[in-house]
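J.: The following file, protein09.csv, comprises CSV, C-alpha atoms:
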chain,number,residue,atom,x,y,z
A,1,MET,CA,-93.6,-74.1,-30.4
A,2,THR,CA,-94.7,-71.5,-27.9
A,3,LEU,CA,-96.8,-72.5,-25.0
A,4,ALA,CA,-99.8,-71.0,-26.7
A,5,GLU,CA,-99.1,-73.0,-29.9
A,6,ARG,CA,-98.7,-76.1,-27.8
A,7,ILE,CA,-102.1,-75.6,-26.1
A,8,ASP,CA,-103.6,-74.9,-29.5
A,9,ARG,CA,-102.3,-78.2,-30.8
A,10,LEU,CA,-103.7,-80.1,-27.8
A,11,ASP,CA,-107.1,-78.4,-28.3
A,12,ALA,CA,-106.9,-79.5,-32.0
A,13,TYR,CA,-106.4,-83.1,-31.0
A,14,ARG,CA,-109.4,-82.8,-28.6
A,15,GLN,CA,-111.7,-81.3,-31.2
A,16,ILE,CA,-110.8,-83.8,-33.9
A,17,ARG,CA,-111.4,-86.7,-31.5
A,18,GLN,CA,-114.7,-85.1,-30.7
A,19,LEU,CA,-115.6,-84.9,-34.4
A,20,ALA,CA,-115.3,-88.7,-34.7
A,21,ALA,CA,-117.3,-89.3,-31.6
A,22,ARG,CA,-120.0,-86.8,-32.5
A,23,TYR,CA,-120.3,-88.3,-36.0
A,24,GLY,CA,-121.1,-91.6,-34.4
A,25,ARG,CA,-123.6,-90.2,-31.9
A,26,ASP,CA,-125.3,-87.9,-34.5
A,27,LEU,CA,-125.6,-90.6,-37.1
A,28,ASP,CA,-127.1,-93.1,-34.6
A,29,ALA,CA,-129.5,-90.3,-33.5
A,30,ARG,CA,-130.3,-89.4,-37.1
A,31,ASP,CA,-129.5,-85.8,-36.2
A,32,MET,CA,-128.8,-84.7,-39.7
A,33,ASP,CA,-128.3,-81.0,-38.8
A,34,GLY,CA,-125.8,-82.0,-36.1
A,35,LEU,CA,-124.1,-84.3,-38.5
A,36,LEU,CA,-123.8,-81.7,-41.3
A,37,GLU,CA,-122.4,-79.1,-38.8
A,38,LEU,CA,-119.4,-81.3,-38.4
A,39,TYR,CA,-118.4,-80.5,-41.9
A,40,VAL,CA,-116.9,-77.3,-43.4
A,41,PRO,CA,-119.8,-75.1,-44.5
A,42,GLU,CA,-119.1,-75.3,-48.3
A,43,VAL,CA,-119.7,-79.1,-48.5
A,44,ARG,CA,-122.8,-79.4,-46.4
A,45,ASP,CA,-125.4,-78.9,-49.1
A,46,LYS,CA,-123.8,-81.4,-51.4
A,47,LEU,CA,-123.4,-83.9,-48.6
A,48,ARG,CA,-127.0,-83.8,-47.2
A,49,GLN,CA,-128.4,-86.1,-49.8
A,50,ALA,CA,-125.3,-88.4,-49.8
A,51,LEU,CA,-125.6,-88.8,-46.0
A,52,VAL,CA,-129.4,-89.2,-45.9
A,53,LEU,CA,-129.9,-91.8,-48.6
A,54,PRO,CA,-127.9,-94.7,-47.1
A,55,LEU,CA,-129.4,-93.9,-43.7
A,56,ARG,CA,-132.9,-94.4,-45.0
A,57,ARG,CA,-132.0,-98.0,-45.9
A,58,VAL,CA,-131.1,-98.9,-42.4
A,59,HIS,CA,-132.8,-98.7,-39.0
A,60,ILE,CA,-131.0,-99.0,-35.7
A,61,THR,CA,-127.2,-98.2,-36.0
A,62,ILE,CA,-124.7,-98.4,-33.2
A,63,LEU,CA,-121.3,-96.9,-34.2
A,64,HIS,CA,-118.6,-97.8,-31.7
A,65,VAL,CA,-115.6,-95.6,-32.5
A,66,GLY,CA,-112.1,-96.7,-31.4
A,67,THR,CA,-108.6,-96.5,-32.8
A,68,HIS,CA,-107.9,-92.9,-34.1
A,69,VAL,CA,-104.6,-91.8,-35.7
A,70,ILE,CA,-104.3,-88.0,-36.3
A,71,ASP,CA,-101.5,-86.4,-38.4
A,72,PHE,CA,-101.2,-82.6,-38.7
A,73,GLN,CA,-100.1,-81.0,-42.0
A,74,ASP,CA,-100.0,-77.6,-40.5
A,75,ALA,CA,-101.9,-75.6,-37.8
A,76,ASP,CA,-105.2,-75.7,-39.7
A,77,ASN,CA,-105.1,-79.0,-41.6
A,78,ALA,CA,-104.9,-82.6,-40.5
A,79,THR,CA,-105.6,-86.1,-41.8
A,80,GLY,CA,-106.9,-89.1,-39.8
A,81,SER,CA,-107.7,-92.8,-39.7
A,82,VAL,CA,-110.6,-93.9,-37.6
A,83,TYR,CA,-111.8,-97.4,-36.8
A,84,CYS,CA,-115.4,-98.1,-36.1
A,85,HIS,CA,-117.3,-101.3,-35.2
A,86,ALA,CA,-120.8,-100.8,-36.3
A,87,GLU,CA,-123.9,-102.9,-35.5
A,88,ILE,CA,-126.7,-102.2,-37.9
A,89,GLN,CA,-130.3,-103.3,-38.3
A,90,ASN,CA,-130.4,-103.1,-42.0
A,91,THR,CA,-133.8,-104.6,-42.6
A,92,GLU,CA,-136.6,-105.6,-40.2
A,93,GLU,CA,-135.1,-109.0,-39.7
A,94,ASN,CA,-131.4,-108.4,-40.4
A,95,TRP,CA,-128.8,-107.5,-37.9
A,96,ILE,CA,-125.3,-107.0,-39.3
A,97,SER,CA,-121.9,-105.9,-38.1
A,98,GLN,CA,-119.3,-103.9,-40.0
A,99,ALA,CA,-115.7,-103.2,-39.3
A,100,ILE,CA,-115.1,-99.8,-40.9
A,101,HIS,CA,-112.0,-97.6,-41.6
A,102,TYR,CA,-112.7,-93.9,-42.2
A,103,GLY,CA,-110.1,-91.9,-44.1
A,104,ASP,CA,-110.5,-88.3,-42.9
A,105,ARG,CA,-109.4,-84.8,-43.7
A,106,TYR,CA,-109.9,-82.1,-41.0
A,107,ALA,CA,-109.7,-78.3,-41.4
A,108,ARG,CA,-109.9,-75.5,-38.9
A,109,ARG,CA,-112.1,-72.5,-39.6
A,110,ASP,CA,-112.3,-69.6,-37.1
A,111,GLY,CA,-110.9,-71.7,-34.3
A,112,ARG,CA,-113.2,-74.7,-34.9
A,113,TRP,CA,-112.2,-78.1,-36.5
A,114,TYR,CA,-114.4,-79.7,-39.1
A,115,PHE,CA,-114.4,-82.6,-41.5
A,116,ALA,CA,-113.0,-81.0,-44.7
A,117,ARG,CA,-114.7,-83.4,-47.0
A,118,ALA,CA,-116.9,-86.5,-47.1
A,119,ARG,CA,-115.3,-89.2,-45.0
A,120,ARG,CA,-113.7,-92.0,-47.1
A,121,HIS,CA,-115.7,-95.0,-45.8
A,122,GLU,CA,-113.9,-98.3,-46.3
A,123,LEU,CA,-115.0,-101.7,-45.0
A,124,PHE,CA,-112.8,-104.4,-43.6
A,125,TYR,CA,-116.0,-106.5,-43.8
A,126,GLY,CA,-119.7,-106.5,-43.3
A,127,ALA,CA,-121.4,-109.7,-42.1
A,128,ASP,CA,-124.8,-110.9,-41.0
A,129,HIS,CA,-125.0,-111.6,-37.3
A,130,GLY,CA,-123.6,-115.0,-36.6
A,131,VAL,CA,-121.9,-115.3,-40.0
A,132,ARG,CA,-118.2,-115.5,-40.3
A,133,PRO,CA,-116.8,-112.7,-42.5
A,134,ASN,CA,-114.3,-115.1,-44.2
A,135,GLY,CA,-114.3,-115.3,-47.9
A,136,LEU,CA,-117.5,-113.3,-48.5
A,137,PRO,CA,-118.0,-111.8,-52.0
A,138,PRO,CA,-117.0,-108.2,-52.3
A,139,ALA,CA,-119.4,-105.8,-50.5
A,140,ASP,CA,-118.6,-103.0,-53.0
A,141,TRP,CA,-120.0,-100.7,-50.4
A,142,PRO,CA,-122.4,-98.8,-50.6
A,143,THR,CA,-123.9,-101.3,-53.1
A,144,HIS,CA,-124.0,-104.0,-50.4
A,145,ASP,CA,-123.7,-103.6,-46.6
A,146,THR,CA,-122.2,-107.1,-46.2
A,147,GLY,CA,-119.3,-108.7,-47.8
A,148,THR,CA,-115.5,-108.5,-48.0
A,149,GLY,CA,-114.2,-104.9,-48.0
A,150,THR,CA,-111.3,-103.1,-49.5
A,151,VAL,CA,-109.0,-102.8,-46.5
A,152,PRO,CA,-106.4,-103.9,-45.5
A,153,MET,CA,-105.9,-105.4,-49.0
A,154,ARG,CA,-105.8,-101.9,-50.6
A,155,TRP,CA,-102.9,-100.7,-48.4
A,156,GLU,CA,-99.4,-100.8,-49.9
A,157,SER,CA,-97.8,-102.0,-46.7
A,158,TRP,CA,-100.2,-105.0,-46.7
A,159,GLN,CA,-99.3,-105.9,-50.3
A,160,GLY,CA,-95.6,-105.5,-49.6
A,161,PHE,CA,-95.8,-107.8,-46.5
A,162,TRP,CA,-97.5,-110.6,-48.4
A,163,GLY,CA,-95.2,-110.1,-51.4
A,164,ARG,CA,-97.8,-109.1,-54.0
B,1,MET,CA,-106.4,-70.0,-12.0
B,2,LEU,CA,-106.4,-66.9,-14.1
B,3,ALA,CA,-107.1,-64.6,-11.2
B,4,SER,CA,-104.2,-66.0,-9.1
B,5,ALA,CA,-101.9,-65.9,-12.2
B,6,SER,CA,-102.6,-62.2,-12.7
B,7,VAL,CA,-102.0,-61.5,-9.0
B,8,SER,CA,-98.7,-63.4,-8.9
B,9,GLU,CA,-97.5,-61.6,-12.0
B,10,GLN,CA,-97.9,-58.2,-10.4
B,11,PRO,CA,-94.5,-56.6,-10.0
B,12,VAL,CA,-93.5,-56.3,-6.4
B,13,PRO,CA,-92.2,-52.8,-5.6
B,14,GLY,CA,-88.5,-52.9,-4.7
B,15,GLU,CA,-87.9,-56.5,-5.9
B,16,PRO,CA,-86.6,-57.6,-9.2
B,17,ALA,CA,-89.2,-59.1,-11.5
B,18,PRO,CA,-89.0,-62.9,-11.5
B,19,VAL,CA,-87.6,-64.3,-14.8
B,20,ARG,CA,-90.4,-66.8,-14.9
B,21,SER,CA,-93.3,-67.0,-12.5
B,22,SER,CA,-94.0,-70.2,-10.7
B,23,VAL,CA,-97.5,-70.1,-12.2
B,24,ASP,CA,-96.0,-70.2,-15.7
B,25,GLU,CA,-93.8,-73.1,-14.7
B,26,GLY,CA,-96.8,-75.0,-13.3
B,27,LEU,CA,-98.6,-74.3,-16.5
B,28,GLU,CA,-95.8,-75.5,-18.6
B,29,ALA,CA,-95.6,-78.7,-16.7
B,30,ARG,CA,-99.4,-79.3,-17.1
B,31,VAL,CA,-99.2,-78.7,-20.8
B,32,ALA,CA,-96.3,-81.1,-21.0
B,33,ARG,CA,-98.3,-83.7,-19.2
B,34,LEU,CA,-101.2,-83.2,-21.6
B,35,GLU,CA,-98.8,-83.6,-24.5
B,36,ALA,CA,-97.5,-86.8,-23.0
B,37,VAL,CA,-101.0,-88.2,-22.7
B,38,GLU,CA,-101.7,-87.3,-26.3
B,39,GLY,CA,-98.4,-88.7,-27.5
B,40,ILE,CA,-99.1,-92.0,-25.8
B,41,ARG,CA,-102.7,-92.1,-27.2
B,42,GLN,CA,-101.4,-91.5,-30.7
B,43,LEU,CA,-98.7,-94.2,-30.2
B,44,VAL,CA,-101.2,-96.9,-29.4
B,45,SER,CA,-103.5,-96.1,-32.3
B,46,ARG,CA,-100.5,-96.0,-34.7
B,47,TYR,CA,-99.6,-99.5,-33.5
B,48,ALA,CA,-103.0,-100.8,-34.3
B,49,LEU,CA,-103.0,-99.3,-37.8
B,50,ALA,CA,-99.5,-100.5,-38.6
B,51,LEU,CA,-100.3,-104.0,-37.4
B,52,ASP,CA,-103.5,-104.3,-39.4
B,53,GLY,CA,-101.6,-102.9,-42.4
B,54,ARG,CA,-98.7,-105.3,-41.8
B,55,ASP,CA,-96.4,-102.2,-41.9
B,56,VAL,CA,-93.6,-103.8,-39.9
B,57,ALA,CA,-91.2,-100.8,-40.5
B,58,THR,CA,-93.7,-98.4,-38.9
B,59,LEU,CA,-94.6,-100.9,-36.2
B,60,VAL,CA,-91.0,-101.3,-34.9
B,61,SER,CA,-90.3,-97.5,-35.2
B,62,LEU,CA,-92.9,-97.1,-32.4
B,63,PHE,CA,-90.6,-98.9,-29.9
B,64,VAL,CA,-87.5,-97.5,-28.3
B,65,PRO,CA,-84.4,-98.3,-30.4
B,66,ASP,CA,-83.0,-100.6,-27.7
B,67,VAL,CA,-86.2,-102.5,-27.2
B,68,ASP,CA,-85.9,-105.9,-25.6
B,69,VAL,CA,-87.4,-108.5,-28.0
B,70,HIS,CA,-89.4,-111.5,-26.7
B,71,ASP,CA,-86.7,-113.9,-28.0
B,72,GLY,CA,-84.0,-112.3,-25.9
B,73,ARG,CA,-82.4,-110.1,-28.5
B,74,THR,CA,-82.3,-106.3,-28.6
B,75,GLY,CA,-83.3,-103.6,-31.1
B,76,ARG,CA,-85.8,-102.8,-33.8
B,77,GLU,CA,-84.2,-104.9,-36.5
B,78,ALA,CA,-84.5,-108.0,-34.3
B,79,LEU,CA,-88.0,-106.9,-33.3
B,80,ALA,CA,-88.9,-106.8,-37.0
B,81,GLU,CA,-87.6,-110.3,-37.5
B,82,TRP,CA,-89.5,-111.5,-34.5
B,83,PHE,CA,-92.8,-109.8,-35.8
B,84,ASP,CA,-92.7,-111.4,-39.2
B,85,PRO,CA,-93.7,-114.9,-38.4
B,86,VAL,CA,-96.0,-113.7,-35.6
B,87,LEU,CA,-98.0,-111.7,-38.1
B,88,ARG,CA,-98.4,-114.4,-40.8
B,89,PRO,CA,-100.7,-117.0,-39.3
B,90,TYR,CA,-103.8,-114.8,-40.0
B,91,ARG,CA,-104.8,-112.6,-42.9
B,92,THR,CA,-107.2,-109.7,-42.1
B,93,THR,CA,-106.9,-108.3,-38.6
B,94,PHE,CA,-108.9,-105.5,-37.0
B,95,HIS,CA,-107.6,-103.9,-33.8
B,96,LEU,CA,-110.4,-101.8,-32.3
B,97,LEU,CA,-109.0,-99.9,-29.3
B,98,GLY,CA,-111.0,-98.8,-26.3
B,99,ASN,CA,-110.4,-98.0,-22.6
B,100,HIS,CA,-106.9,-96.6,-21.9
B,101,VAL,CA,-105.5,-96.1,-18.4
B,102,ILE,CA,-102.2,-94.2,-18.3
B,103,ASP,CA,-100.1,-93.8,-15.2
B,104,PHE,CA,-97.0,-91.7,-15.1
B,105,VAL,CA,-93.9,-92.9,-13.3
B,106,ASP,CA,-92.0,-89.7,-14.0
B,107,GLU,CA,-91.8,-87.1,-16.8
B,108,ASP,CA,-90.3,-89.7,-19.3
B,109,HIS,CA,-91.9,-92.9,-18.2
B,110,ALA,CA,-95.5,-94.2,-18.0
B,111,THR,CA,-97.4,-97.4,-17.8
B,112,GLY,CA,-100.6,-98.2,-19.6
B,113,ALA,CA,-103.5,-100.7,-19.5
B,114,LEU,CA,-105.2,-100.6,-22.9
B,115,TYR,CA,-108.3,-102.6,-23.9
B,116,CYS,CA,-108.4,-103.9,-27.4
B,117,ARG,CA,-110.9,-106.2,-29.2
B,118,PRO,CA,-109.0,-107.6,-32.1
B,119,GLU,CA,-110.5,-109.8,-34.8
B,120,HIS,CA,-108.4,-112.2,-36.9
B,121,GLU,CA,-109.1,-114.2,-40.1
B,122,VAL,CA,-107.6,-117.6,-39.3
B,123,ASP,CA,-108.2,-119.8,-42.3
B,124,ASP,CA,-111.9,-120.6,-42.1
B,125,LEU,CA,-112.3,-119.1,-38.6
B,126,TRP,CA,-112.9,-115.6,-37.5
B,127,ILE,CA,-111.2,-115.3,-34.1
B,128,VAL,CA,-112.1,-112.6,-31.6
B,129,MET,CA,-109.6,-112.1,-28.7
B,130,PRO,CA,-110.5,-109.3,-26.2
B,131,LEU,CA,-107.4,-108.4,-24.4
B,132,VAL,CA,-105.6,-105.9,-22.3
B,133,TYR,CA,-102.2,-104.6,-23.3
B,134,ASP,CA,-99.8,-104.2,-20.4
B,135,ASP,CA,-97.7,-101.3,-21.7
B,136,ARG,CA,-94.6,-99.4,-20.7
B,137,TYR,CA,-94.0,-96.1,-22.5
B,138,GLU,CA,-90.8,-94.1,-22.5
B,139,ARG,CA,-90.1,-90.6,-23.9
B,140,ARG,CA,-86.9,-90.1,-25.9
B,141,GLU,CA,-86.0,-86.7,-27.2
B,142,GLY,CA,-89.5,-85.5,-26.9
B,143,ARG,CA,-91.2,-88.5,-28.5
B,144,TRP,CA,-93.1,-91.3,-26.8
B,145,TYR,CA,-92.3,-94.9,-27.6
B,146,PHE,CA,-93.1,-98.4,-26.3
B,147,ARG,CA,-90.5,-99.7,-23.9
B,148,SER,CA,-92.5,-102.9,-23.8
B,149,ARG,CA,-95.9,-104.3,-24.7
B,150,ARG,CA,-97.5,-107.5,-23.5
B,151,PRO,CA,-101.0,-108.6,-24.5
B,152,HIS,CA,-103.1,-110.6,-22.0
B,153,ALA,CA,-106.3,-112.2,-23.4
B,154,PHE,CA,-109.6,-112.6,-21.7
B,155,TYR,CA,-110.5,-115.2,-24.3
B,156,ALA,CA,-110.0,-116.2,-27.9
B,157,ALA,CA,-112.9,-117.8,-29.8
B,158,ASP,CA,-114.5,-117.9,-33.2
B,159,VAL,CA,-117.4,-115.5,-33.7
B,160,ARG,CA,-119.7,-118.5,-33.8
B,161,GLU,CA,-118.3,-120.0,-30.6
B,162,SER,CA,-119.2,-119.2,-27.0
B,163,PRO,CA,-115.9,-118.5,-25.1
B,164,LEU,CA,-117.2,-121.0,-22.5
B,165,GLU,CA,-117.4,-123.7,-25.1
B,166,VAL,CA,-113.7,-123.7,-25.9
B,167,GLU,CA,-111.1,-125.3,-23.7
B,168,GLY,CA,-109.4,-122.8,-21.4
B,169,ARG,CA,-111.4,-120.0,-23.0
B,170,PHE,CA,-108.8,-120.0,-25.7
B,171,HIS,CA,-109.2,-121.2,-29.3
B,172,PHE,CA,-106.7,-119.6,-31.7
B,173,PRO,CA,-105.1,-122.3,-33.9
B,174,GLY,CA,-101.5,-121.6,-35.1
B,175,ASN,CA,-100.8,-118.5,-33.0
B,176,PRO,CA,-97.1,-118.7,-32.1
B,177,PHE,CA,-97.3,-115.9,-29.5
B,178,MET,CA,-100.6,-115.9,-27.8
B,179,THR,CA,-101.4,-119.4,-26.4
B,180,ARG,CA,-103.8,-119.0,-23.4
B,181,ALA,CA,-106.3,-116.7,-21.7
B,182,THR,CA,-105.0,-115.2,-18.5
B,183,MET,CA,-107.5,-112.4,-17.8
B,184,PRO,CA,-109.3,-111.5,-15.6
B,185,GLU,CA,-107.4,-113.9,-13.3
B,186,ARG,CA,-104.3,-111.9,-13.8
B,187,PHE,CA,-105.8,-108.8,-12.2
B,188,PRO,CA,-104.2,-108.9,-8.7
B,189,THR,CA,-107.5,-108.1,-7.1
B,190,TRP,CA,-109.5,-110.8,-8.8
B,191,GLU,CA,-108.5,-113.9,-6.7
B,192,PRO,CA,-108.7,-112.0,-3.3
B,193,PHE,CA,-112.2,-110.9,-4.2
B,194,TRP,CA,-113.4,-114.5,-4.5
B,195,SER,CA,-111.5,-116.0,-1.6
Translate this file's structure into structure tokens.
T.:
Amino acid sequence: MTLAERIDRLDAYRQIRQLAARYGRDLDARDMDGLLELYVPEVRDKLRQALVLPLRRVHITILHVGTHVIDFQDADNATGSVYCHAEIQNTEENWISQAIHYGDRYARRDGRWYFARARRHELFYGADHGVRPNGLPPADWPTHDTGTGTVPMRWESWQGFWGR
Amino acid sequence: MLASASVSEQPVPGEPAPVRSSVDEGLEARVARLEAVEGIRQLVSRYALALDGRDVATLVSLFVPDVDVHDGRTGREALAEWFDPVLRPYRTTFHLLGNHVIDFVDEDHATGALYCRPEHEVDDLWIVMPLVYDDRYERREGRWYFRSRRPHAFYAADVRESPLEVEGRFHFPGNPFMTRATMPERFPTWEPFWS
């Protein structure tokens, strides 16, 4: 890679990490315009309702974004895995936590990186405050905000390790 | 920066043009350092995903091929054998990473202090164990690997327990590797502060 290409790649990492952080901040702020601007233009209209509806069900949200793996397919396309620990006030009296894995696709348009499609939202678990997540019935998110999720059980490596 | 770069690249009358200006060399080194930081950040996130996915092949590929294993052996194959029983006493795990301090020793070696707040499903318990990874990173043929990685726990306790309620701030039944809480006492500045 030339020096310019190497700087370009570093900038791509930076922008993609910012996407994950901005998503958390904008969602917590209910900044729907800011949130939608993180996506490629052609999916925004379709996504608006899909993003708004689940957010009407909940009140305070605190999305703490952590672990983030980024893989580039080429100079303009990448995939990613993001972990998020969320605290959510999902009714007036109910405070829950969720451990979330986002499966992402990113694309660059005119020098800017965006989410290329709706984020694949998968739960490790969701649980009421003070409740152990062990053995809860399936959350089947977004049907329920609490319950056992689909990862890591869905992952091939997980099934291989435990011999199933 | 840009102004001085353009000045230094002006040809000096009567002197041969430099093959590569010192500014370019400085720039290359700075880009290489940024790439090193990025390589190390990706390394630690890949470790968390591979561990939670029980992807032992990927996990050991993140270490230098001649890694020293905790049981005294050397190499990735031995490391994979060591990992297997260490990863079985709990089912679902969730390694949420945070603060990451990276210090470079030289161009190919760095150390790291990485905060992590892992959760573990241990039979009927849900154990949270905030910890700091004491890492050594090494670059081989342009790629960054773990030379070594040692986790040091602040505490381990079930989500329904106070860390102060459990003996030695450590309650993690059946963990063959992590057996006690050593942080923050392990920080060399901790004890002097209180004495």
J.: Given a cut-off of 10 Å, which residues of chain A touch chain B, counting only C-alpha atoms, written out as a short mmCIF file (atom, residue, chain, number, x, y, z; two decimals) with C-alpha atoms, in the frame of the given file?
T.:
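Output saved as iface.cif:
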data_model
loop_
_atom_site.label_atom_id
_atom_site.label_comp_id
_atom_site.auth_asym_id
_atom_site.auth_seq_id
_atom_site.Cartn_x
_atom_site.Cartn_y
_atom_site.Cartn_z
CA LEU A 3 -96.80 -72.50 -25.00
CA ALA A 4 -99.80 -71.00 -26.70
CA ARG A 6 -98.70 -76.10 -27.80
CA ILE A 7 -102.10 -75.60 -26.10
CA ARG A 9 -102.30 -78.20 -30.80
CA LEU A 10 -103.70 -80.10 -27.80
CA TYR A 13 -106.40 -83.10 -31.00
CA ARG A 14 -109.40 -82.80 -28.60
CA HIS A 64 -118.60 -97.80 -31.70
CA VAL A 65 -115.60 -95.60 -32.50
CA GLY A 66 -112.10 -96.70 -31.40
CA THR A 67 -108.60 -96.50 -32.80
CA HIS A 68 -107.90 -92.90 -34.10
CA VAL A 69 -104.60 -91.80 -35.70
CA ILE A 70 -104.30 -88.00 -36.30
CA ASP A 71 -101.50 -86.40 -38.40
CA SER A 81 -107.70 -92.80 -39.70
CA VAL A 82 -110.60 -93.90 -37.60
CA TYR A 83 -111.80 -97.40 -36.80
CA CYS A 84 -115.40 -98.10 -36.10
CA HIS A 85 -117.30 -101.30 -35.20
CA ALA A 99 -115.70 -103.20 -39.30
CA ILE A 100 -115.10 -99.80 -40.90
CA HIS A 101 -112.00 -97.60 -41.60
CA PHE A 124 -112.80 -104.40 -43.60
CA TYR A 125 -116.00 -106.50 -43.80
CA HIS A 129 -125.00 -111.60 -37.30
CA GLY A 130 -123.60 -115.00 -36.60
CA VAL A 131 -121.90 -115.30 -40.00
CA ARG A 132 -118.20 -115.50 -40.30
CA PRO A 133 -116.80 -112.70 -42.50
CA ASN A 134 -114.30 -115.10 -44.20
CA GLY A 135 -114.30 -115.30 -47.90
CA VAL A 151 -109.00 -102.80 -46.50
CA PRO A 152 -106.40 -103.90 -45.50
CA MET A 153 -105.90 -105.40 -49.00
CA ARG A 154 -105.80 -101.90 -50.60
CA TRP A 155 -102.90 -100.70 -48.40
CA GLU A 156 -99.40 -100.80 -49.90
CA SER A 157 -97.80 -102.00 -46.70
CA TRP A 158 -100.20 -105.00 -46.70
CA GLN A 159 -99.30 -105.90 -50.30
CA GLY A 160 -95.60 -105.50 -49.60
CA PHE A 161 -95.80 -107.80 -46.50
CA TRP A 162 -97.50 -110.60 -48.40
#
J.: Expressed in Å to a single decimal, how great is the separation between CA of Leu55 in chain A and CA of Arg30 in chain A?
T.: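 Rounded to one decimal, the two atoms are 8.0 Å apart.
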J.: Pick out the closest residue to Gly80 in chain A from this set: A:Glu37, A:Asp8, A:Ala29, A:Tyr106. Count all atoms listed in the file.
T.: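 Looking only at the distances to Gly80 in chain A, the closest residue turns out to be A:Tyr106.
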J.: Ranking A:Thr79, A:Phe115, A:Thr143, A:Gly163 by minimum distance to Leu35 in chain A and counting all atoms listed in the file, which one comes first?
T.: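 Between A:Thr79, A:Phe115, A:Thr143, A:Gly163, the residue approaching Leu35 in chain A most closely is A:Phe115.
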J.: Considering all atoms listed in the file, return as JSON, numbers by chain whatever protein or nucleic-acid residues lie within 8 Å of Arg120 in chain A, sequence-local ones (same chain, fewer than 6 positions apart) excluded.
T.: {"A": [102, 103, 104]}
J.: At a cut-off of 9 Å, using only C-alpha atoms, what residues contact Val60 in chain B? Leave out same-chain residues fewer than 4 positions from it and give the result as a VMD selection string.
T.: chain B and resid 47 55 to 56 64 to 65 75 to 77 79 to 80 83
J.: Find the residues around Leu63 in chain A up to 9 Å (all atoms listed in the file counted), leave out those fewer than 3 positions away in its own chain, and share them as a PyMOL selection string.
T.: chain A and resi 21+23-25+27-28+84-88
J.: Please return as a PyMOL selection string every residue within 6 Å of (-121.4, -105.3, -38.3), taking into account only C-alpha atoms and the file's own coordinates.
T.: chain A and resi 86-87+96-98+126-127
